[in-house]
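Below is one structure, written out as structure tokens, with a few remarks after it.
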Amino acid sequence: MIKYLRSNPLTPFMISVPHSGQFYPEEFIKYKTINLKELKIMEDVKSNKLIDKINKKHADILIAECSRTVLDLNRSKFSIDNDMFSDFSLDKPQEEIIMIKNGLGLIPKKCYEKNIFNNKLPKKYAINLIEKFYNPYHDLINQNLNRLKKLFGHAILIDLHSMPSLNNLKKKKETDIVIGDNFGKSCSTKIKNFLIDFFENKDFKVKLNTPYAGGYITRNYGKKSTGFHTIQIEINKSLYINEQNYKIKSSLINLQNAFKDLFYSLTKNDFNT
């Protein structure tokens, strides 16, 4: 993972980018039966570029390098499909059952309708991926949020994603940005409203919690009653890349400037509510 952690934070903000990674470990290459190019449709390709212009004094940043088609960091550690493995089953009940049934658990089984593997996997495959990629990422989020909470009395995590254009998903209306606060559970109303107003003032079309209310990271770390606020931001891919060939569009700079302005504006507000 790529991390930019401030030695002396001046703000309570942290950014997580869990789905932009494009690294495929050797063990995945060994077992997968799908073409790697086909997996890109599931990744938040180049979404980390959206925050390239942010002043790193304004937030701690954590960016995943491993592809979410290998291991999905926005899932519970116990969101595992036991049927994928020849000699492994959880020692506690599965979580996120619907995602598992759709082939989108911690270790994805499918890329849309295509199977990623044709054979069952060994236990060590899951254990190794969790130890190498999952635990370090989540340990660092947890440690850093606690550090920020001690310093400022609260911590604010923004989980950044990109989504397929809704036209591609056969929706009637296009949306530029979806803000997800787990239906008001993960983040204060003040922070949520600030983000919506900010992007709408930049002429983006914004929706709240539809169709994305926030994944595991938002649900797990967003405990607003205890001072831990987490909110998910989904950016329409078509705003910055060509969704067919994944080439960056010149319009990326508009989003980069928007995020730069966003974090500058966030630092000028007191969200300790």
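Residues in the structure tokens are named by chain (A, B, ... in the order shown) and by number from 1 within that chain; ligands are numbered from 1 in the order shown.
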- Message: Using DSSP assignments from the backbone, pull out every residue in region 170-257 of chain A that falls under alpha helix (DSSP H) and give it to me as a ChimeraX atom specification.
- Response: /A:189-201,216-221,252-257
Since we have the selection now, will you write its residues out, keeping C-alpha atoms, as an mmCIF file, in the first residue's frame?
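Final output, out00.cif:
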```cif
data_model
loop_
_atom_site.group_PDB
_atom_site.id
_atom_site.type_symbol
_atom_site.label_atom_id
_atom_site.label_comp_id
_atom_site.auth_asym_id
_atom_site.auth_seq_id
_atom_site.Cartn_x
_atom_site.Cartn_y
_atom_site.Cartn_z
ATOM 1 C CA THR A 189 -25.188 15.607 9.197
ATOM 2 C CA LYS A 190 -22.917 18.646 9.182
ATOM 3 C CA ILE A 191 -20.136 16.837 7.300
ATOM 4 C CA LYS A 192 -22.552 15.154 4.909
ATOM 5 C CA ASN A 193 -24.303 18.416 4.058
ATOM 6 C CA PHE A 194 -20.968 20.184 3.607
ATOM 7 C CA LEU A 195 -19.857 17.639 0.996
ATOM 8 C CA ILE A 196 -23.145 17.703 -0.889
ATOM 9 C CA ASP A 197 -23.217 21.507 -0.961
ATOM 10 C CA PHE A 198 -19.572 21.697 -2.016
ATOM 11 C CA PHE A 199 -19.971 19.431 -5.034
ATOM 12 C CA GLU A 200 -23.317 20.897 -6.067
ATOM 13 C CA ASN A 201 -21.759 24.368 -5.987
ATOM 14 C CA TYR A 216 -17.668 -2.191 4.948
ATOM 15 C CA ILE A 217 -15.180 0.625 5.544
ATOM 16 C CA THR A 218 -17.974 3.161 5.947
ATOM 17 C CA ARG A 219 -20.055 0.890 8.174
ATOM 18 C CA ASN A 220 -17.163 -0.367 10.282
ATOM 19 C CA TYR A 221 -15.276 2.863 10.968
ATOM 20 C CA LEU A 252 -9.411 14.823 -14.828
ATOM 21 C CA ILE A 253 -7.835 18.145 -13.907
ATOM 22 C CA ASN A 254 -11.265 19.573 -13.076
ATOM 23 C CA LEU A 255 -11.827 16.851 -10.487
ATOM 24 C CA GLN A 256 -8.304 17.155 -9.146
ATOM 25 C CA ASN A 257 -8.824 20.864 -8.593
#
```
Can you list, as a compact mmCIF listing (two decimals) with C-alpha atoms, in the first residue's frame, every protein, DNA or RNA residue that comes within 7 Å of region 95-109 of chain A when you count only C-alpha atoms, leaving out same-chain residues fewer than 6 positions away?
```
# COMPACT_ATOMS: atom_id res chain seq x y z
CA THR A 69 -10.39 -8.40 -7.86
CA VAL A 70 -7.78 -10.26 -5.80
CA LEU A 71 -8.83 -9.10 -2.34
CA ASP A 72 -11.56 -6.58 -1.59
CA ARG A 75 -15.37 -6.19 2.83
CA SER A 76 -15.39 -7.78 6.25
CA LYS A 77 -12.61 -10.26 6.94
CA PHE A 78 -15.39 -12.79 7.51
CA SER A 79 -17.05 -12.25 4.15
CA ILE A 80 -15.60 -15.47 2.75
CA ASP A 81 -17.27 -18.00 0.47
CA ASN A 115 -15.77 -16.98 -12.89
CA ILE A 116 -12.32 -15.82 -11.81
CA PHE A 117 -11.28 -19.36 -10.79
```
Who sits within 12 Å of Leu73 (chain A), only C-alpha atoms, same chain under 6 positions skipped, as an mmCIF file with all heavy atoms, in the first residue's frame:
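Contents of around17.cif, as written:
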```cif
data_model
loop_
_atom_site.group_PDB
_atom_site.id
_atom_site.type_symbol
_atom_site.label_atom_id
_atom_site.label_comp_id
_atom_site.auth_asym_id
_atom_site.auth_seq_id
_atom_site.Cartn_x
_atom_site.Cartn_y
_atom_site.Cartn_z
ATOM 1 N N MET A 1 0.841 -1.189 0.000
ATOM 2 C CA MET A 1 0.000 0.000 0.000
ATOM 3 C C MET A 1 0.883 1.248 0.000
ATOM 4 O O MET A 1 2.047 1.218 0.401
ATOM 5 C CB MET A 1 -0.922 0.011 1.224
ATOM 6 C CG MET A 1 -0.208 0.002 2.559
ATOM 7 S SD MET A 1 -1.349 -0.135 3.947
ATOM 8 C CE MET A 1 -0.208 -0.631 5.243
ATOM 9 N N SER A 16 -9.034 7.208 2.415
ATOM 10 C CA SER A 16 -8.780 5.815 2.057
ATOM 11 C C SER A 16 -9.190 5.620 0.597
ATOM 12 O O SER A 16 -10.266 6.046 0.186
ATOM 13 C CB SER A 16 -9.599 4.885 2.959
ATOM 14 O OG SER A 16 -9.715 3.591 2.406
ATOM 15 N N VAL A 17 -8.303 4.986 -0.192
ATOM 16 C CA VAL A 17 -8.621 4.657 -1.590
ATOM 17 C C VAL A 17 -8.390 3.151 -1.747
ATOM 18 O O VAL A 17 -7.305 2.711 -2.141
ATOM 19 C CB VAL A 17 -7.757 5.458 -2.587
ATOM 20 C CG1 VAL A 17 -8.280 5.274 -4.015
ATOM 21 C CG2 VAL A 17 -7.722 6.937 -2.223
ATOM 22 N N PRO A 18 -9.392 2.322 -1.441
ATOM 23 C CA PRO A 18 -9.170 0.877 -1.348
ATOM 24 C C PRO A 18 -9.271 0.085 -2.650
ATOM 25 O O PRO A 18 -8.876 -1.078 -2.688
ATOM 26 C CB PRO A 18 -10.276 0.433 -0.390
ATOM 27 C CG PRO A 18 -11.395 1.382 -0.667
ATOM 28 C CD PRO A 18 -10.731 2.706 -0.969
ATOM 29 N N HIS A 19 -9.770 0.698 -3.732
ATOM 30 C CA HIS A 19 -10.056 -0.083 -4.935
ATOM 31 C C HIS A 19 -9.292 0.359 -6.176
ATOM 32 O O HIS A 19 -9.601 -0.082 -7.282
ATOM 33 C CB HIS A 19 -11.557 -0.044 -5.242
ATOM 34 C CG HIS A 19 -12.385 -0.892 -4.352
ATOM 35 N ND1 HIS A 19 -13.770 -0.803 -4.291
ATOM 36 C CD2 HIS A 19 -12.036 -1.870 -3.473
ATOM 37 C CE1 HIS A 19 -14.231 -1.678 -3.416
ATOM 38 N NE2 HIS A 19 -13.200 -2.335 -2.903
ATOM 39 N N SER A 20 -8.281 1.211 -6.026
ATOM 40 C CA SER A 20 -7.561 1.699 -7.213
ATOM 41 C C SER A 20 -6.372 0.823 -7.590
ATOM 42 O O SER A 20 -5.772 1.017 -8.645
ATOM 43 C CB SER A 20 -7.071 3.133 -6.979
ATOM 44 O OG SER A 20 -6.100 3.161 -5.953
ATOM 45 N N GLY A 21 -6.035 -0.141 -6.744
ATOM 46 C CA GLY A 21 -4.845 -0.965 -6.975
ATOM 47 C C GLY A 21 -4.915 -1.800 -8.240
ATOM 48 O O GLY A 21 -5.977 -2.270 -8.637
ATOM 49 N N GLU A 43 -12.374 -2.696 -11.178
ATOM 50 C CA GLU A 43 -11.474 -1.849 -10.398
ATOM 51 C C GLU A 43 -11.870 -0.377 -10.502
ATOM 52 O O GLU A 43 -12.482 0.048 -11.483
ATOM 53 C CB GLU A 43 -10.036 -2.026 -10.901
ATOM 54 C CG GLU A 43 -9.506 -3.442 -10.746
ATOM 55 C CD GLU A 43 -8.181 -3.665 -11.440
ATOM 56 O OE1 GLU A 43 -7.776 -2.798 -12.255
ATOM 57 O OE2 GLU A 43 -7.543 -4.687 -11.176
ATOM 58 N N LEU A 62 -4.155 6.890 2.459
ATOM 59 C CA LEU A 62 -3.840 5.461 2.366
ATOM 60 C C LEU A 62 -4.423 4.930 1.063
ATOM 61 O O LEU A 62 -5.627 5.031 0.827
ATOM 62 C CB LEU A 62 -4.433 4.717 3.565
ATOM 63 C CG LEU A 62 -4.046 3.253 3.752
ATOM 64 C CD1 LEU A 62 -2.530 3.110 3.870
ATOM 65 C CD2 LEU A 62 -4.729 2.687 4.991
ATOM 66 N N ILE A 63 -3.571 4.384 0.202
ATOM 67 C CA ILE A 63 -3.983 3.908 -1.120
ATOM 68 C C ILE A 63 -3.585 2.446 -1.278
ATOM 69 O O ILE A 63 -2.426 2.081 -1.100
ATOM 70 C CB ILE A 63 -3.325 4.737 -2.239
ATOM 71 C CG1 ILE A 63 -3.699 6.222 -2.099
ATOM 72 C CG2 ILE A 63 -3.727 4.217 -3.613
ATOM 73 C CD1 ILE A 63 -2.919 7.139 -3.025
ATOM 74 N N ALA A 64 -4.545 1.610 -1.608
ATOM 75 C CA ALA A 64 -4.263 0.189 -1.820
ATOM 76 C C ALA A 64 -3.540 -0.018 -3.143
ATOM 77 O O ALA A 64 -3.807 0.684 -4.127
ATOM 78 C CB ALA A 64 -5.558 -0.609 -1.808
ATOM 79 N N GLU A 65 -2.642 -0.983 -3.165
ATOM 80 C CA GLU A 65 -1.945 -1.321 -4.410
ATOM 81 C C GLU A 65 -2.432 -2.637 -5.000
ATOM 82 O O GLU A 65 -2.387 -2.837 -6.207
ATOM 83 C CB GLU A 65 -0.442 -1.399 -4.155
ATOM 84 C CG GLU A 65 0.192 -0.072 -3.835
ATOM 85 C CD GLU A 65 1.693 -0.153 -3.671
ATOM 86 O OE1 GLU A 65 2.153 -0.662 -2.635
ATOM 87 O OE2 GLU A 65 2.411 0.290 -4.586
ATOM 88 N N CYS A 66 -2.929 -3.540 -4.163
ATOM 89 C CA CYS A 66 -3.424 -4.826 -4.645
ATOM 90 C C CYS A 66 -4.810 -4.643 -5.258
ATOM 91 O O CYS A 66 -5.668 -3.950 -4.695
ATOM 92 C CB CYS A 66 -3.485 -5.828 -3.496
ATOM 93 S SG CYS A 66 -3.945 -7.502 -3.990
ATOM 94 N N SER A 67 -5.057 -5.259 -6.373
ATOM 95 C CA SER A 67 -6.346 -5.136 -7.054
ATOM 96 C C SER A 67 -7.486 -5.668 -6.199
ATOM 97 O O SER A 67 -7.352 -6.705 -5.545
ATOM 98 C CB SER A 67 -6.317 -5.903 -8.384
ATOM 99 O OG SER A 67 -7.615 -5.990 -8.938
ATOM 100 N N SER A 79 -16.197 -12.163 5.331
ATOM 101 C CA SER A 79 -17.052 -12.250 4.146
ATOM 102 C C SER A 79 -16.396 -13.197 3.141
ATOM 103 O O SER A 79 -15.976 -12.803 2.054
ATOM 104 C CB SER A 79 -17.227 -10.851 3.540
ATOM 105 O OG SER A 79 -17.995 -10.900 2.374
ATOM 106 N N LEU A 104 -19.017 -11.608 -4.688
ATOM 107 C CA LEU A 104 -18.254 -10.396 -4.402
ATOM 108 C C LEU A 104 -17.872 -10.295 -2.933
ATOM 109 O O LEU A 104 -18.003 -9.242 -2.308
ATOM 110 C CB LEU A 104 -19.072 -9.159 -4.815
ATOM 111 C CG LEU A 104 -19.397 -9.059 -6.305
ATOM 112 C CD1 LEU A 104 -20.354 -7.901 -6.561
ATOM 113 C CD2 LEU A 104 -18.120 -8.897 -7.130
ATOM 114 N N GLY A 105 -17.400 -11.385 -2.385
ATOM 115 C CA GLY A 105 -16.946 -11.395 -1.006
ATOM 116 C C GLY A 105 -15.547 -10.838 -0.872
ATOM 117 O O GLY A 105 -15.026 -10.177 -1.776
ATOM 118 N N LEU A 106 -14.926 -11.123 0.258
ATOM 119 C CA LEU A 106 -13.563 -10.658 0.515
ATOM 120 C C LEU A 106 -12.621 -11.081 -0.609
ATOM 121 O O LEU A 106 -11.800 -10.301 -1.096
ATOM 122 C CB LEU A 106 -13.075 -11.219 1.856
ATOM 123 C CG LEU A 106 -11.623 -10.954 2.227
ATOM 124 C CD1 LEU A 106 -11.392 -9.474 2.472
ATOM 125 C CD2 LEU A 106 -11.221 -11.765 3.451
ATOM 126 N N ILE A 107 -12.706 -12.330 -1.007
ATOM 127 C CA ILE A 107 -11.962 -12.834 -2.166
ATOM 128 C C ILE A 107 -12.981 -13.052 -3.276
ATOM 129 O O ILE A 107 -13.757 -14.019 -3.246
ATOM 130 C CB ILE A 107 -11.220 -14.138 -1.824
ATOM 131 C CG1 ILE A 107 -10.200 -13.859 -0.719
ATOM 132 C CG2 ILE A 107 -10.535 -14.723 -3.057
ATOM 133 C CD1 ILE A 107 -9.494 -15.085 -0.195
ATOM 134 N N PRO A 108 -13.053 -12.131 -4.243
ATOM 135 C CA PRO A 108 -14.090 -12.220 -5.272
ATOM 136 C C PRO A 108 -14.035 -13.527 -6.045
ATOM 137 O O PRO A 108 -12.964 -14.035 -6.379
ATOM 138 C CB PRO A 108 -13.782 -11.019 -6.174
ATOM 139 C CG PRO A 108 -13.091 -10.054 -5.278
ATOM 140 C CD PRO A 108 -12.244 -10.901 -4.367
ATOM 141 N N LEU A 129 -3.214 -13.900 1.588
ATOM 142 C CA LEU A 129 -3.727 -12.624 1.099
ATOM 143 C C LEU A 129 -4.164 -11.727 2.250
ATOM 144 O O LEU A 129 -3.907 -10.517 2.249
ATOM 145 C CB LEU A 129 -4.897 -12.847 0.141
ATOM 146 C CG LEU A 129 -4.582 -13.455 -1.229
ATOM 147 C CD1 LEU A 129 -5.864 -13.585 -2.044
ATOM 148 C CD2 LEU A 129 -3.570 -12.609 -1.984
ATOM 149 N N ILE A 130 -4.826 -12.315 3.227
ATOM 150 C CA ILE A 130 -5.298 -11.543 4.378
ATOM 151 C C ILE A 130 -4.117 -10.971 5.162
ATOM 152 O O ILE A 130 -4.117 -9.798 5.551
ATOM 153 C CB ILE A 130 -6.192 -12.408 5.277
ATOM 154 C CG1 ILE A 130 -7.525 -12.705 4.570
ATOM 155 C CG2 ILE A 130 -6.449 -11.715 6.615
ATOM 156 C CD1 ILE A 130 -8.378 -13.749 5.258
ATOM 157 N N LYS A 132 -1.004 -10.441 4.070
ATOM 158 C CA LYS A 132 -0.172 -9.538 3.282
ATOM 159 C C LYS A 132 -0.845 -8.201 2.997
ATOM 160 O O LYS A 132 -0.195 -7.147 3.002
ATOM 161 C CB LYS A 132 0.199 -10.194 1.943
ATOM 162 C CG LYS A 132 1.238 -11.285 2.022
ATOM 163 C CD LYS A 132 1.519 -11.816 0.616
ATOM 164 C CE LYS A 132 2.510 -12.965 0.619
ATOM 165 N NZ LYS A 132 2.732 -13.484 -0.754
ATOM 166 N N PHE A 133 -2.133 -8.241 2.726
ATOM 167 C CA PHE A 133 -2.794 -7.046 2.215
ATOM 168 C C PHE A 133 -3.934 -6.517 3.093
ATOM 169 O O PHE A 133 -4.049 -5.299 3.273
ATOM 170 C CB PHE A 133 -3.329 -7.308 0.796
ATOM 171 C CG PHE A 133 -2.284 -7.759 -0.166
ATOM 172 C CD1 PHE A 133 -2.261 -9.066 -0.632
ATOM 173 C CD2 PHE A 133 -1.301 -6.889 -0.607
ATOM 174 C CE1 PHE A 133 -1.286 -9.493 -1.521
ATOM 175 C CE2 PHE A 133 -0.320 -7.298 -1.493
ATOM 176 C CZ PHE A 133 -0.305 -8.604 -1.946
ATOM 177 N N TYR A 134 -4.755 -7.397 3.630
ATOM 178 C CA TYR A 134 -5.938 -6.938 4.367
ATOM 179 C C TYR A 134 -5.581 -6.400 5.750
ATOM 180 O O TYR A 134 -5.918 -5.261 6.091
ATOM 181 C CB TYR A 134 -6.944 -8.081 4.497
ATOM 182 C CG TYR A 134 -8.288 -7.644 5.040
ATOM 183 C CD1 TYR A 134 -9.323 -7.294 4.174
ATOM 184 C CD2 TYR A 134 -8.538 -7.591 6.411
ATOM 185 C CE1 TYR A 134 -10.567 -6.887 4.662
ATOM 186 C CE2 TYR A 134 -9.768 -7.190 6.906
ATOM 187 C CZ TYR A 134 -10.772 -6.845 6.028
ATOM 188 O OH TYR A 134 -11.994 -6.448 6.524
ATOM 189 N N ASN A 135 -4.900 -7.215 6.537
ATOM 190 C CA ASN A 135 -4.591 -6.805 7.910
ATOM 191 C C ASN A 135 -3.773 -5.516 7.977
ATOM 192 O O ASN A 135 -4.100 -4.620 8.769
ATOM 193 C CB ASN A 135 -3.880 -7.932 8.660
ATOM 194 C CG ASN A 135 -4.807 -9.088 8.991
ATOM 195 O OD1 ASN A 135 -6.030 -8.943 8.962
ATOM 196 N ND2 ASN A 135 -4.241 -10.238 9.319
ATOM 197 N N PRO A 136 -2.712 -5.364 7.169
ATOM 198 C CA PRO A 136 -1.936 -4.112 7.248
ATOM 199 C C PRO A 136 -2.759 -2.874 6.910
ATOM 200 O O PRO A 136 -2.603 -1.832 7.551
ATOM 201 C CB PRO A 136 -0.812 -4.337 6.221
ATOM 202 C CG PRO A 136 -0.659 -5.812 6.145
ATOM 203 C CD PRO A 136 -2.047 -6.351 6.292
ATOM 204 N N TYR A 137 -3.646 -2.995 5.920
ATOM 205 C CA TYR A 137 -4.456 -1.844 5.507
ATOM 206 C C TYR A 137 -5.407 -1.430 6.625
ATOM 207 O O TYR A 137 -5.479 -0.256 7.017
ATOM 208 C CB TYR A 137 -5.233 -2.195 4.236
ATOM 209 C CG TYR A 137 -5.804 -0.999 3.506
ATOM 210 C CD1 TYR A 137 -5.048 -0.303 2.560
ATOM 211 C CD2 TYR A 137 -7.102 -0.555 3.742
ATOM 212 C CE1 TYR A 137 -5.559 0.785 1.874
ATOM 213 C CE2 TYR A 137 -7.621 0.551 3.065
ATOM 214 C CZ TYR A 137 -6.847 1.200 2.126
ATOM 215 O OH TYR A 137 -7.359 2.300 1.462
ATOM 216 N N HIS A 138 -6.125 -2.396 7.155
ATOM 217 C CA HIS A 138 -7.120 -2.068 8.178
ATOM 218 C C HIS A 138 -6.477 -1.743 9.526
ATOM 219 O O HIS A 138 -7.005 -0.901 10.274
ATOM 220 C CB HIS A 138 -8.142 -3.195 8.299
ATOM 221 C CG HIS A 138 -9.147 -3.168 7.185
ATOM 222 N ND1 HIS A 138 -10.268 -2.380 7.225
ATOM 223 C CD2 HIS A 138 -9.169 -3.799 5.976
ATOM 224 C CE1 HIS A 138 -10.957 -2.534 6.112
ATOM 225 N NE2 HIS A 138 -10.303 -3.382 5.337
ATOM 226 N N ASP A 139 -5.362 -2.368 9.818
ATOM 227 C CA ASP A 139 -4.648 -2.013 11.054
ATOM 228 C C ASP A 139 -4.222 -0.550 11.017
ATOM 229 O O ASP A 139 -4.321 0.170 12.022
ATOM 230 C CB ASP A 139 -3.421 -2.907 11.247
ATOM 231 C CG ASP A 139 -3.787 -4.324 11.680
ATOM 232 O OD1 ASP A 139 -4.955 -4.553 12.033
ATOM 233 O OD2 ASP A 139 -2.892 -5.185 11.630
ATOM 234 N N ILE A 141 -5.572 1.933 9.158
ATOM 235 C CA ILE A 141 -6.745 2.805 9.271
ATOM 236 C C ILE A 141 -7.135 2.954 10.738
ATOM 237 O O ILE A 141 -7.345 4.064 11.242
ATOM 238 C CB ILE A 141 -7.945 2.249 8.471
ATOM 239 C CG1 ILE A 141 -7.707 2.390 6.972
ATOM 240 C CG2 ILE A 141 -9.224 3.008 8.845
ATOM 241 C CD1 ILE A 141 -8.856 1.873 6.120
ATOM 242 N N ASP A 159 -13.734 7.768 2.372
ATOM 243 C CA ASP A 159 -13.424 6.569 1.598
ATOM 244 C C ASP A 159 -13.775 6.846 0.143
ATOM 245 O O ASP A 159 -14.947 7.012 -0.215
ATOM 246 C CB ASP A 159 -14.231 5.386 2.144
ATOM 247 C CG ASP A 159 -13.667 4.053 1.705
ATOM 248 O OD1 ASP A 159 -12.437 3.893 1.738
ATOM 249 O OD2 ASP A 159 -14.457 3.154 1.334
ATOM 250 N N HIS A 161 -14.018 6.262 -3.932
ATOM 251 C CA HIS A 161 -14.256 5.226 -4.943
ATOM 252 C C HIS A 161 -14.639 5.874 -6.265
ATOM 253 O O HIS A 161 -14.991 7.055 -6.316
ATOM 254 C CB HIS A 161 -15.402 4.307 -4.511
ATOM 255 C CG HIS A 161 -15.128 3.530 -3.276
ATOM 256 N ND1 HIS A 161 -14.731 2.212 -3.297
ATOM 257 C CD2 HIS A 161 -15.194 3.882 -1.969
ATOM 258 C CE1 HIS A 161 -14.574 1.786 -2.055
ATOM 259 N NE2 HIS A 161 -14.842 2.788 -1.231
ATOM 260 N N GLY A 215 -19.751 0.972 1.884
ATOM 261 C CA GLY A 215 -19.441 -0.435 2.095
ATOM 262 C C GLY A 215 -18.930 -0.705 3.496
ATOM 263 O O GLY A 215 -19.194 0.045 4.438
ATOM 264 N N TYR A 216 -18.156 -1.760 3.634
ATOM 265 C CA TYR A 216 -17.668 -2.191 4.948
ATOM 266 C C TYR A 216 -16.867 -1.100 5.651
ATOM 267 O O TYR A 216 -17.019 -0.893 6.860
ATOM 268 C CB TYR A 216 -16.809 -3.450 4.795
ATOM 269 C CG TYR A 216 -16.132 -3.861 6.079
ATOM 270 C CD1 TYR A 216 -16.853 -4.494 7.100
ATOM 271 C CD2 TYR A 216 -14.779 -3.603 6.292
ATOM 272 C CE1 TYR A 216 -16.239 -4.868 8.287
ATOM 273 C CE2 TYR A 216 -14.161 -3.971 7.478
ATOM 274 C CZ TYR A 216 -14.892 -4.594 8.467
ATOM 275 O OH TYR A 216 -14.282 -4.948 9.654
ATOM 276 N N ILE A 217 -16.005 -0.405 4.916
ATOM 277 C CA ILE A 217 -15.180 0.625 5.544
ATOM 278 C C ILE A 217 -16.058 1.711 6.157
ATOM 279 O O ILE A 217 -15.844 2.136 7.295
ATOM 280 C CB ILE A 217 -14.184 1.219 4.524
ATOM 281 C CG1 ILE A 217 -13.094 0.177 4.204
ATOM 282 C CG2 ILE A 217 -13.543 2.503 5.045
ATOM 283 C CD1 ILE A 217 -12.142 0.579 3.096
ATOM 284 N N THR A 218 -17.067 2.133 5.428
ATOM 285 C CA THR A 218 -17.974 3.161 5.947
ATOM 286 C C THR A 218 -18.736 2.656 7.162
ATOM 287 O O THR A 218 -18.840 3.342 8.186
ATOM 288 C CB THR A 218 -18.969 3.587 4.851
ATOM 289 O OG1 THR A 218 -18.236 4.064 3.717
ATOM 290 C CG2 THR A 218 -19.895 4.688 5.338
ATOM 291 N N ASN A 220 -17.990 0.091 9.173
ATOM 292 C CA ASN A 220 -17.163 -0.367 10.282
ATOM 293 C C ASN A 220 -16.515 0.785 11.039
ATOM 294 O O ASN A 220 -16.453 0.769 12.273
ATOM 295 C CB ASN A 220 -16.079 -1.315 9.765
ATOM 296 C CG ASN A 220 -15.242 -1.913 10.873
ATOM 297 O OD1 ASN A 220 -15.755 -2.626 11.730
ATOM 298 N ND2 ASN A 220 -13.956 -1.636 10.867
#
```
- Which one of A:Ser162, A:Asn35, A:Thr210, A:Ser188 sits closest to Ser225 (chain A) if you count only C-alpha atoms? A:Ser188
Please run DSSP on the backbone and report, as a PDB file with C-alpha atoms, in the first residue's frame, all residues within region 35-174 of chain A that come out as strand (DSSP E or B).
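Result file is out.pdb:
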```pdb
ATOM      1  CA  ASP A  60      -3.429  11.420   5.889  1.00  0.00           C
ATOM      2  CA  ILE A  61      -3.728   9.239   2.789  1.00  0.00           C
ATOM      3  CA  LEU A  62      -3.840   5.461   2.366  1.00  0.00           C
ATOM      4  CA  ILE A  63      -3.983   3.908  -1.120  1.00  0.00           C
ATOM      5  CA  CYS A  66      -3.424  -4.826  -4.645  1.00  0.00           C
ATOM      6  CA  PHE A  85     -11.857 -23.461  -0.824  1.00  0.00           C
ATOM      7  CA  LYS A 110     -16.775 -13.578 -10.139  1.00  0.00           C
ATOM      8  CA  CYS A 111     -16.115 -10.695 -12.447  1.00  0.00           C
ATOM      9  CA  LYS A 114     -17.472 -14.740 -15.434  1.00  0.00           C
ATOM     10  CA  ASN A 115     -15.770 -16.984 -12.887  1.00  0.00           C
ATOM     11  CA  LEU A 121      -8.401 -22.814  -3.722  1.00  0.00           C
ATOM     12  CA  ALA A 155     -11.589  11.739  13.309  1.00  0.00           C
ATOM     13  CA  ILE A 156     -13.026  12.002   9.795  1.00  0.00           C
ATOM     14  CA  LEU A 157     -12.352   9.284   7.204  1.00  0.00           C
ATOM     15  CA  ILE A 158     -13.278   9.818   3.556  1.00  0.00           C
ATOM     16  CA  ASP A 159     -13.424   6.569   1.598  1.00  0.00           C
ATOM     17  CA  LEU A 160     -12.921   7.350  -2.085  1.00  0.00           C
ATOM     18  CA  HIS A 161     -14.256   5.226  -4.943  1.00  0.00           C
ATOM     19  CA  SER A 162     -15.203   5.498  -8.590  1.00  0.00           C
ATOM     20  CA  MET A 163     -18.322   3.984 -10.136  1.00  0.00           C
TER      21      MET A 163
END
```
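Among the candidates A:Asp261, A:Asp203, A:Asp181, A:Glu113, the residue lying nearest to Ile233 (chain A) is A:Asp181 (atoms considered: only C-alpha atoms).
Across A:Lys202, A:Ser251, A:Asn245, A:Asn182, the tightest approach to Lys223 (chain A) is made by A:Asn182 when counting only C-alpha atoms.
For the pair CA of Pro164 (chain A) and CA of Asp44 (chain A), the interatomic distance is 8.8 Å.
In this model, the gap between CA of Tyr264 (chain A) and CA of Ile54 (chain A) comes to 8.2 Å.
Here the question is which of A:Ser265, A:Gln232, A:Ala126, A:Lys3 gets nearest to Asn74 (chain A) using only C-alpha atoms, and that residue is A:Gln232.
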- Message: Just want the 9 Å neighbourhood of Lys205 (chain A), counted on only C-alpha atoms, with same-chain residues fewer than 5 positions away dropped. Output as an NGL selection string.
- Response: :A and (174-178 or 199-200)
What would the file look like if the residues just selected were written as a compact mmCIF listing (two decimals), in the first residue's frame with C-alpha atoms?
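Written file, selection-v3.txt:
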```txt
# COMPACT_ATOMS: atom_id res chain seq x y z
CA GLU A 174 -26.78 10.23 -14.95
CA THR A 175 -25.15 11.05 -11.62
CA ASP A 176 -21.70 12.55 -11.14
CA ILE A 177 -21.14 11.90 -7.45
CA VAL A 178 -22.77 9.70 -4.83
CA PHE A 199 -19.97 19.43 -5.03
CA GLU A 200 -23.32 20.90 -6.07
```
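Across the structure, CA of Tyr125 (chain A) and CA of Glu27 (chain A) are spaced 7.2 Å apart.
With only C-alpha atoms as the atoms that count, the residue of A:Gln22, A:Asn272, A:Asn8, A:Thr267 with the shortest distance to Phe152 (chain A) is A:Asn272.
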